[in-house]
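Okay, so here's the structure we're looking at.
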Amino acid sequence: MGEQPDVHAEPAELAALARDIDRVCRLEGEFVVRSGAVVSEYFDKYLFESDPLLLRRVAAAMVPLVPADTDLLGGLELGGVPIATMMSSLTGLPALFVRKAPKAYGTRRLAEGADVDGRRITLVEDIVTTGGAARDATVALRGQGATVEVVVCTIDRSEPGANRLHELGLETRSVLTRADLDAARATARP
């Protein structure tokens, strides 16, 4: 792996990161979610991904989770791309941008960046709930000759048993969990 800065986060730093992400991203109001249900609370992950200072803190906390033998950081479309880019800047490892499906024009590639054949790719995701995007990317990248064994994410918000990535031999490493964000919310209330 490229040269890494010393970015091992202390528990107090992780608690502060959870508090700041929760404060920025947890919105209250009336929101329609993917299922069509109307909810009074919504977590907008793009708010931390579009804030350069918060994004850097997130990426720095994720760097220690990256295996030492990683060749490429595979940012999953869309949320994993800015995180992988920032992690690439911090580590010197090349970033790879992994689409949900190969584009139908131009290079028609699933992954933009370096060739993946024979390379060890650590997937980068913003939030893992069921792991579907990571599962699909793993299968596709392995089919192109890559070794994919680890996905690092900012937040693992999966319910027990919902994340089945282990069935593909894929390890999930997260900086924060949904419980961490809920705890940050509870301690922030007056």
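In the structure tokens, chains take letters A, B, ... by order of appearance, with residues numbered from 1 within each chain and ligands from 1 in the order shown.
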Show me, as a list in words, the residues that have an atom within 9 Å of Ala111 of chain A when counting only C-alpha atoms, minus same-chain residues fewer than 2 positions from it.
Gly74, Leu96, Phe97, Val98, Arg99, Ala101, Pro102, Arg109, Gly113, Ala114, Asp115, Val116 and Leu141 of chain A
Could you give me, as JSON lines, a per-residue list for segment 79-185 of chain A showing, wherever an atom lies at most 8 Å from an atom of segment 11-21 of chain A, the closest pair of atoms and their distance in Å to one decimal, using only C-alpha atoms and sorting by chain then residue number from low to high?
{"residue": "A:Val175", "atom": "CA", "partner": "A:Leu14", "partner_atom": "CA", "distance": 7.8}
{"residue": "A:Leu176", "atom": "CA", "partner": "A:Ala18", "partner_atom": "CA", "distance": 7.0}
{"residue": "A:Asp180", "atom": "CA", "partner": "A:Ala18", "partner_atom": "CA", "distance": 6.4}
{"residue": "A:Leu181", "atom": "CA", "partner": "A:Ala18", "partner_atom": "CA", "distance": 5.4}
{"residue": "A:Ala184", "atom": "CA", "partner": "A:Arg19", "partner_atom": "CA", "distance": 4.8}
{"residue": "A:Arg185", "atom": "CA", "partner": "A:Arg19", "partner_atom": "CA", "distance": 6.6}
Store the residues of this selection in a file with N, CA, C and O atoms, as a PDB file, in the first residue's frame.
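And here is the file that came out, result-v2.pdb:
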ATOM      1  N   VAL A 175     -16.285   2.071   9.999  1.00  0.00           N
ATOM      2  CA  VAL A 175     -15.842   3.066  10.969  1.00  0.00           C
ATOM      3  C   VAL A 175     -16.908   3.228  12.044  1.00  0.00           C
ATOM      4  O   VAL A 175     -16.609   3.261  13.231  1.00  0.00           O
ATOM      5  N   LEU A 176     -18.176   3.331  11.610  1.00  0.00           N
ATOM      6  CA  LEU A 176     -19.294   3.565  12.522  1.00  0.00           C
ATOM      7  C   LEU A 176     -20.437   2.608  12.217  1.00  0.00           C
ATOM      8  O   LEU A 176     -20.495   2.030  11.131  1.00  0.00           O
ATOM      9  N   ASP A 180     -23.825   3.639  16.732  1.00  0.00           N
ATOM     10  CA  ASP A 180     -22.924   4.759  17.055  1.00  0.00           C
ATOM     11  C   ASP A 180     -23.598   6.096  16.770  1.00  0.00           C
ATOM     12  O   ASP A 180     -23.481   7.047  17.550  1.00  0.00           O
ATOM     13  N   LEU A 181     -24.306   6.177  15.631  1.00  0.00           N
ATOM     14  CA  LEU A 181     -24.995   7.421  15.280  1.00  0.00           C
ATOM     15  C   LEU A 181     -26.159   7.698  16.231  1.00  0.00           C
ATOM     16  O   LEU A 181     -26.371   8.845  16.631  1.00  0.00           O
ATOM     17  N   ALA A 184     -24.687   8.950  19.389  1.00  0.00           N
ATOM     18  CA  ALA A 184     -24.246  10.333  19.217  1.00  0.00           C
ATOM     19  C   ALA A 184     -25.437  11.289  19.289  1.00  0.00           C
ATOM     20  O   ALA A 184     -25.354  12.356  19.900  1.00  0.00           O
ATOM     21  N   ARG A 185     -26.555  10.867  18.715  1.00  0.00           N
ATOM     22  CA  ARG A 185     -27.781  11.676  18.744  1.00  0.00           C
ATOM     23  C   ARG A 185     -28.285  11.815  20.185  1.00  0.00           C
ATOM     24  O   ARG A 185     -28.673  12.888  20.608  1.00  0.00           O
TER      25      ARG A 185
END
Report the closest atom pair, with its distance in Å rounded to one decimal, for each residue of segment 22-58 of chain A that has an atom no farther than 12 Å from segment 145-161 of chain A; count only C-alpha atoms, sort by chain and then rising residue number, and write it as CSV.
residue,atom,partner,partner_atom,distance
A:Asp22,CA,A:Ile155,CA,11.1
A:Phe43,CA,A:Arg157,CA,11.1
A:Lys45,CA,A:Ile155,CA,9.7
A:Phe48,CA,A:Thr154,CA,10.4
A:Glu49,CA,A:Thr154,CA,10.3
A:Leu54,CA,A:Thr154,CA,11.7
A:Leu55,CA,A:Thr154,CA,10.1
A:Arg56,CA,A:Thr154,CA,11.7
A:Arg57,CA,A:Thr154,CA,10.5
A:Val58,CA,A:Thr154,CA,6.8
Output N, CA, C and O atoms for every residue in the selection just made, as a tab-separated table (two decimals), in the first residue's frame.
chain	number	residue	atom	x	y	z
A	22	ASP	N	-23.94	12.70	12.28
A	22	ASP	CA	-25.36	12.66	12.64
A	22	ASP	C	-25.97	14.06	12.57
A	22	ASP	O	-27.06	14.24	12.03
A	43	PHE	N	-31.79	10.08	6.66
A	43	PHE	CA	-30.34	10.22	6.75
A	43	PHE	C	-29.80	10.49	5.35
A	43	PHE	O	-29.87	9.63	4.48
A	45	LYS	N	-26.76	10.87	3.38
A	45	LYS	CA	-25.33	10.61	3.39
A	45	LYS	C	-24.53	11.54	2.50
A	45	LYS	O	-23.36	11.80	2.73
A	48	PHE	N	-22.46	14.49	4.13
A	48	PHE	CA	-21.09	14.37	4.61
A	48	PHE	C	-20.12	14.16	3.47
A	48	PHE	O	-18.97	14.59	3.52
A	49	GLU	N	-20.58	13.54	2.39
A	49	GLU	CA	-19.70	13.29	1.25
A	49	GLU	C	-19.39	14.55	0.47
A	49	GLU	O	-18.37	14.63	-0.22
A	54	LEU	N	-15.45	17.28	6.42
A	54	LEU	CA	-16.04	16.08	7.00
A	54	LEU	C	-15.65	14.85	6.18
A	54	LEU	O	-15.32	13.80	6.74
A	55	LEU	N	-15.63	14.98	4.86
A	55	LEU	CA	-15.21	13.88	4.00
A	55	LEU	C	-13.78	13.46	4.30
A	55	LEU	O	-13.47	12.27	4.38
A	56	ARG	N	-12.91	14.41	4.51
A	56	ARG	CA	-11.51	14.09	4.83
A	56	ARG	C	-11.42	13.33	6.17
A	56	ARG	O	-10.67	12.37	6.29
A	57	ARG	N	-12.19	13.77	7.15
A	57	ARG	CA	-12.19	13.07	8.45
A	57	ARG	C	-12.70	11.64	8.29
A	57	ARG	O	-12.15	10.70	8.90
A	58	VAL	N	-13.75	11.47	7.50
A	58	VAL	CA	-14.30	10.13	7.25
A	58	VAL	C	-13.25	9.26	6.58
A	58	VAL	O	-12.98	8.13	7.00
Using DSSP assignments from the backbone, pull out every residue in segment 43-186 of chain A that falls under helix (DSSP H, G or I) and give it to me as number ranges by chain.
A: 46-49, 52-65, 80-91, 132-143, 165-168, 178-186
Report as a PDB file with all heavy atoms, in the first residue's frame all protein, DNA and RNA residues lying within 9 Å of Thr85 of chain A, evaluated on only C-alpha atoms, omitting residues in the same chain fewer than 5 positions from it.
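The resulting file, part.pdb, is shown below:
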ATOM      1  N   ALA A  59     -12.649   9.769   5.517  1.00  0.00           N
ATOM      2  CA  ALA A  59     -11.646   8.997   4.775  1.00  0.00           C
ATOM      3  C   ALA A  59     -10.455   8.646   5.665  1.00  0.00           C
ATOM      4  O   ALA A  59      -9.953   7.522   5.625  1.00  0.00           O
ATOM      5  CB  ALA A  59     -11.198   9.772   3.548  1.00  0.00           C
ATOM      6  N   LEU A  73      -8.255   1.010  -4.619  1.00  0.00           N
ATOM      7  CA  LEU A  73      -9.414   1.333  -3.795  1.00  0.00           C
ATOM      8  C   LEU A  73     -10.611   1.465  -4.731  1.00  0.00           C
ATOM      9  O   LEU A  73     -10.665   2.393  -5.538  1.00  0.00           O
ATOM     10  CB  LEU A  73      -9.189   2.644  -3.041  1.00  0.00           C
ATOM     11  CG  LEU A  73      -8.052   2.640  -2.021  1.00  0.00           C
ATOM     12  CD1 LEU A  73      -7.759   4.055  -1.549  1.00  0.00           C
ATOM     13  CD2 LEU A  73      -8.399   1.726  -0.855  1.00  0.00           C
ATOM     14  N   GLY A  75     -14.051   2.487  -5.320  1.00  0.00           N
ATOM     15  CA  GLY A  75     -15.194   3.273  -4.863  1.00  0.00           C
ATOM     16  C   GLY A  75     -16.447   2.862  -5.599  1.00  0.00           C
ATOM     17  O   GLY A  75     -16.489   2.880  -6.827  1.00  0.00           O
ATOM     18  N   GLY A  80     -19.487   5.815  -2.752  1.00  0.00           N
ATOM     19  CA  GLY A  80     -18.128   5.370  -2.474  1.00  0.00           C
ATOM     20  C   GLY A  80     -17.069   6.093  -3.280  1.00  0.00           C
ATOM     21  O   GLY A  80     -15.887   6.076  -2.921  1.00  0.00           O
ATOM     22  N   LEU A  90      -5.007  10.336   0.481  1.00  0.00           N
ATOM     23  CA  LEU A  90      -4.345  10.134   1.771  1.00  0.00           C
ATOM     24  C   LEU A  90      -3.329   9.000   1.751  1.00  0.00           C
ATOM     25  O   LEU A  90      -2.345   9.036   2.492  1.00  0.00           O
ATOM     26  CB  LEU A  90      -5.388   9.859   2.860  1.00  0.00           C
ATOM     27  CG  LEU A  90      -6.317  11.011   3.211  1.00  0.00           C
ATOM     28  CD1 LEU A  90      -7.413  10.538   4.166  1.00  0.00           C
ATOM     29  CD2 LEU A  90      -5.539  12.170   3.813  1.00  0.00           C
ATOM     30  N   PRO A  94      -4.050   3.997  -5.943  1.00  0.00           N
ATOM     31  CA  PRO A  94      -4.945   4.416  -7.024  1.00  0.00           C
ATOM     32  C   PRO A  94      -6.398   4.106  -6.699  1.00  0.00           C
ATOM     33  O   PRO A  94      -6.709   3.085  -6.072  1.00  0.00           O
ATOM     34  CB  PRO A  94      -4.488   3.589  -8.227  1.00  0.00           C
ATOM     35  CG  PRO A  94      -3.163   3.023  -7.859  1.00  0.00           C
ATOM     36  CD  PRO A  94      -3.116   2.952  -6.368  1.00  0.00           C
ATOM     37  N   ALA A  95      -7.267   4.998  -7.146  1.00  0.00           N
ATOM     38  CA  ALA A  95      -8.707   4.791  -6.984  1.00  0.00           C
ATOM     39  C   ALA A  95      -9.263   4.153  -8.258  1.00  0.00           C
ATOM     40  O   ALA A  95      -8.759   4.369  -9.360  1.00  0.00           O
ATOM     41  CB  ALA A  95      -9.411   6.115  -6.723  1.00  0.00           C
ATOM     42  N   LEU A  96     -10.291   3.380  -8.071  1.00  0.00           N
ATOM     43  CA  LEU A  96     -11.023   2.734  -9.153  1.00  0.00           C
ATOM     44  C   LEU A  96     -12.482   3.103  -8.929  1.00  0.00           C
ATOM     45  O   LEU A  96     -12.966   3.059  -7.799  1.00  0.00           O
ATOM     46  CB  LEU A  96     -10.831   1.219  -9.035  1.00  0.00           C
ATOM     47  CG  LEU A  96     -11.435   0.320 -10.075  1.00  0.00           C
ATOM     48  CD1 LEU A  96     -10.701   0.475 -11.400  1.00  0.00           C
ATOM     49  CD2 LEU A  96     -11.340  -1.132  -9.615  1.00  0.00           C
ATOM     50  N   PHE A  97     -13.179   3.485  -9.987  1.00  0.00           N
ATOM     51  CA  PHE A  97     -14.572   3.885  -9.843  1.00  0.00           C
ATOM     52  C   PHE A  97     -15.440   2.782 -10.412  1.00  0.00           C
ATOM     53  O   PHE A  97     -15.420   2.527 -11.616  1.00  0.00           O
ATOM     54  CB  PHE A  97     -14.821   5.227 -10.529  1.00  0.00           C
ATOM     55  CG  PHE A  97     -13.849   6.280 -10.064  1.00  0.00           C
ATOM     56  CD1 PHE A  97     -13.095   6.992 -10.968  1.00  0.00           C
ATOM     57  CD2 PHE A  97     -13.667   6.535  -8.719  1.00  0.00           C
ATOM     58  CE1 PHE A  97     -12.194   7.955 -10.542  1.00  0.00           C
ATOM     59  CE2 PHE A  97     -12.774   7.491  -8.279  1.00  0.00           C
ATOM     60  CZ  PHE A  97     -12.029   8.206  -9.195  1.00  0.00           C
TER      61      PHE A  97
END
Quick one: residues within 10 Å of Glu30 of chain A, only C-alpha atoms, excluding same-chain residues fewer than 4 positions away - as a VMD selection string?
chain A and resid 38 to 42
To one decimal place in Å, what is the distance between atom CA of Lys100 of chain A and atom CA of Glu77 of chain A?
6.3 Å
Going by DSSP on the backbone, which bits of segment 49-152 of chain A are strand (DSSP E)? Write them as number ranges by chain, please.
A: 72-76, 95-98, 111-112, 120-128, 147-152
Same residues, C-alpha atoms, saved as a tab-separated table (two decimals), in the first residue's frame:
chain	number	residue	atom	x	y	z
A	72	LEU	CA	-6.67	-0.44	-5.76
A	73	LEU	CA	-9.41	1.33	-3.79
A	74	GLY	CA	-12.69	0.50	-5.55
A	75	GLY	CA	-15.19	3.27	-4.86
A	76	LEU	CA	-18.73	2.02	-5.45
A	95	ALA	CA	-8.71	4.79	-6.98
A	96	LEU	CA	-11.02	2.73	-9.15
A	97	PHE	CA	-14.57	3.88	-9.84
A	98	VAL	CA	-16.95	0.92	-9.90
A	111	ALA	CA	-14.73	-0.12	-13.43
A	112	GLU	CA	-12.98	3.07	-14.53
A	120	ARG	CA	-6.27	-6.84	-5.04
A	121	ILE	CA	-9.18	-4.44	-4.70
A	122	THR	CA	-10.58	-3.14	-1.44
A	123	LEU	CA	-14.11	-1.91	-2.05
A	124	VAL	CA	-15.08	1.46	-0.57
A	125	GLU	CA	-18.72	2.15	0.29
A	126	ASP	CA	-20.43	4.92	2.20
A	127	ILE	CA	-23.20	2.93	3.88
A	128	VAL	CA	-23.81	-0.82	3.97
A	147	THR	CA	-9.18	-10.44	-5.90
A	148	VAL	CA	-11.83	-8.83	-3.68
A	149	GLU	CA	-11.96	-9.82	-0.02
A	150	VAL	CA	-12.73	-6.66	1.98
A	151	VAL	CA	-15.24	-3.82	1.82
A	152	VAL	CA	-14.61	-0.80	4.03
